[in-house]
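Asker: Could you have a look at this structure, given as structure tokens, before my questions?
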Amino acid sequence: FGNEYISDFTRDNFILPLISERSKEKKITVFISNYHLDDIDVVYGLRSKAGQLKARQIKSIIKANITQEYYLDGIETY
């Protein structure tokens, strides 16, 4: 999550609708990302005020549905 091509189009037409629909249907969603949840505002809201609002909306939906959070740090793969 966050490593796809990030654009207003991707955010507005794929990320936000997907997250919104899964939340409404109460479906389990697993996010794997190199970003911390607090970084979503920056990653998805860079281009405009409207983008910042939508990024906050994504973050809000995710936070409202979190049951468990895991942060892994310092893991190296070869």
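In the structure tokens, each chain is lettered A, B, ... as it comes, each chain's residues begin at 1, and ligands are numbered from 1 in order of appearance.
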Please provide the set of residues having any atom within 10 Å of Ile6 in chain A, restricted to only C-alpha atoms, with same-chain residues fewer than 6 positions apart removed, written as a PyMOL selection string.
Answerer: chain A and resi 15+43-46
Asker: Can you tell me, as number ranges by chain, what residues are no more than 8 Å from Ile32 in chain A when counting only C-alpha atoms, ignoring any on the same chain fewer than 2 positions away?
Answerer: A: 1, 30, 34
Asker: I need the residues from that last selection saved to file as a tab-separated table (two decimals), in the first residue's frame (with all heavy atoms), if you can.
Answerer:
chain	number	residue	atom	x	y	z
A	1	PHE	N	0.85	-1.16	0.00
A	1	PHE	CA	0.00	0.00	0.00
A	1	PHE	C	0.90	1.23	0.00
A	1	PHE	O	1.74	1.39	0.86
A	1	PHE	CB	-0.91	-0.04	1.23
A	1	PHE	CG	-1.87	1.10	1.33
A	1	PHE	CD1	-2.93	1.18	0.45
A	1	PHE	CD2	-1.73	2.05	2.30
A	1	PHE	CE1	-3.84	2.21	0.54
A	1	PHE	CE2	-2.62	3.09	2.41
A	1	PHE	CZ	-3.68	3.18	1.53
A	30	VAL	N	-6.28	-6.49	4.58
A	30	VAL	CA	-4.93	-6.48	5.13
A	30	VAL	C	-4.10	-5.51	4.29
A	30	VAL	O	-4.06	-5.62	3.08
A	30	VAL	CB	-4.29	-7.89	5.09
A	30	VAL	CG1	-2.85	-7.85	5.58
A	30	VAL	CG2	-5.12	-8.87	5.91
A	34	ASN	N	5.24	0.03	3.32
A	34	ASN	CA	6.46	0.57	3.91
A	34	ASN	C	6.17	1.87	4.65
A	34	ASN	O	7.05	2.43	5.29
A	34	ASN	CB	7.51	0.84	2.83
A	34	ASN	CG	8.04	-0.44	2.24
A	34	ASN	OD1	8.02	-1.48	2.87
A	34	ASN	ND2	8.50	-0.37	1.01
Asker: So the first atom is CA of Leu53 in chain A and the second is CA of Asp73 in chain A; what is the distance between them in Å, to one decimal place?
Answerer: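 Atom-to-atom, CA of Leu53 in chain A to CA of Asp73 in chain A, that is 29.3 Å.
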Asker: Taking only C-alpha atoms into account, which of A:Lys54, A:Leu72, A:Ser33, A:Ala64 comes nearest Asn13 in chain A?
Answerer: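 Looking only at the distances to Asn13 in chain A, the closest residue turns out to be A:Lys54.
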Asker: When distances are computed from only C-alpha atoms, which of A:Tyr5, A:Leu16, A:Glu21, A:Phe31 shows the smallest separation from Ile66 in chain A?
Answerer: A:Phe31
Asker: Please identify which residues in range 11-72 of chain A DSSP calls alpha helix (DSSP H) from the backbone, and express them as a ChimeraX atom specification.
Answerer: /A:16-24,40-44,49-65
Asker: Measuring between only C-alpha atoms, which one of A:Ile62, A:Ser7, A:Val42, A:His36 shows the shortest distance to Ile19 in chain A?
Answerer: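 Looking only at the distances to Ile19 in chain A, the closest residue turns out to be A:Ile62.
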Asker: My list of candidates is A:Gly51, A:Glu69, A:Ile28, A:Lys63. Which is closest to Phe9 in chain A when distances are computed with only C-alpha atoms?
Answerer: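 Looking only at the distances to Phe9 in chain A, the closest residue turns out to be A:Gly51.
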Asker: Could you check the closest approach to Gln57 in chain A for each of A:Ser20, A:Gly2, A:Lys27, A:Asp39 and tell me which residue wins, using only C-alpha atoms?
Answerer: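 For Gln57 in chain A, the nearest of the given residues is A:Ser20.
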Asker: Between CA of Asp8 in chain A and CA of Asn65 in chain A, measure the distance and give it in Å to one decimal.
Answerer: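 So the two atoms, CA of Asp8 in chain A and CA of Asn65 in chain A, lie 23.4 Å apart.
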Asker: So, counting only C-alpha atoms, which residue among A:Ile61, A:Arg47, A:Tyr71, A:Leu37 is closest to Ser23 in chain A?
Answerer: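 Of A:Ile61, A:Arg47, A:Tyr71, A:Leu37, the one nearest Ser23 in chain A, counting only C-alpha atoms, is A:Ile61.
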Asker: Could you check how far CA of Ala50 in chain A sits from CA of Thr29 in chain A, in Å to one decimal?
Answerer: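 Those two atoms sit 25.3 Å apart.
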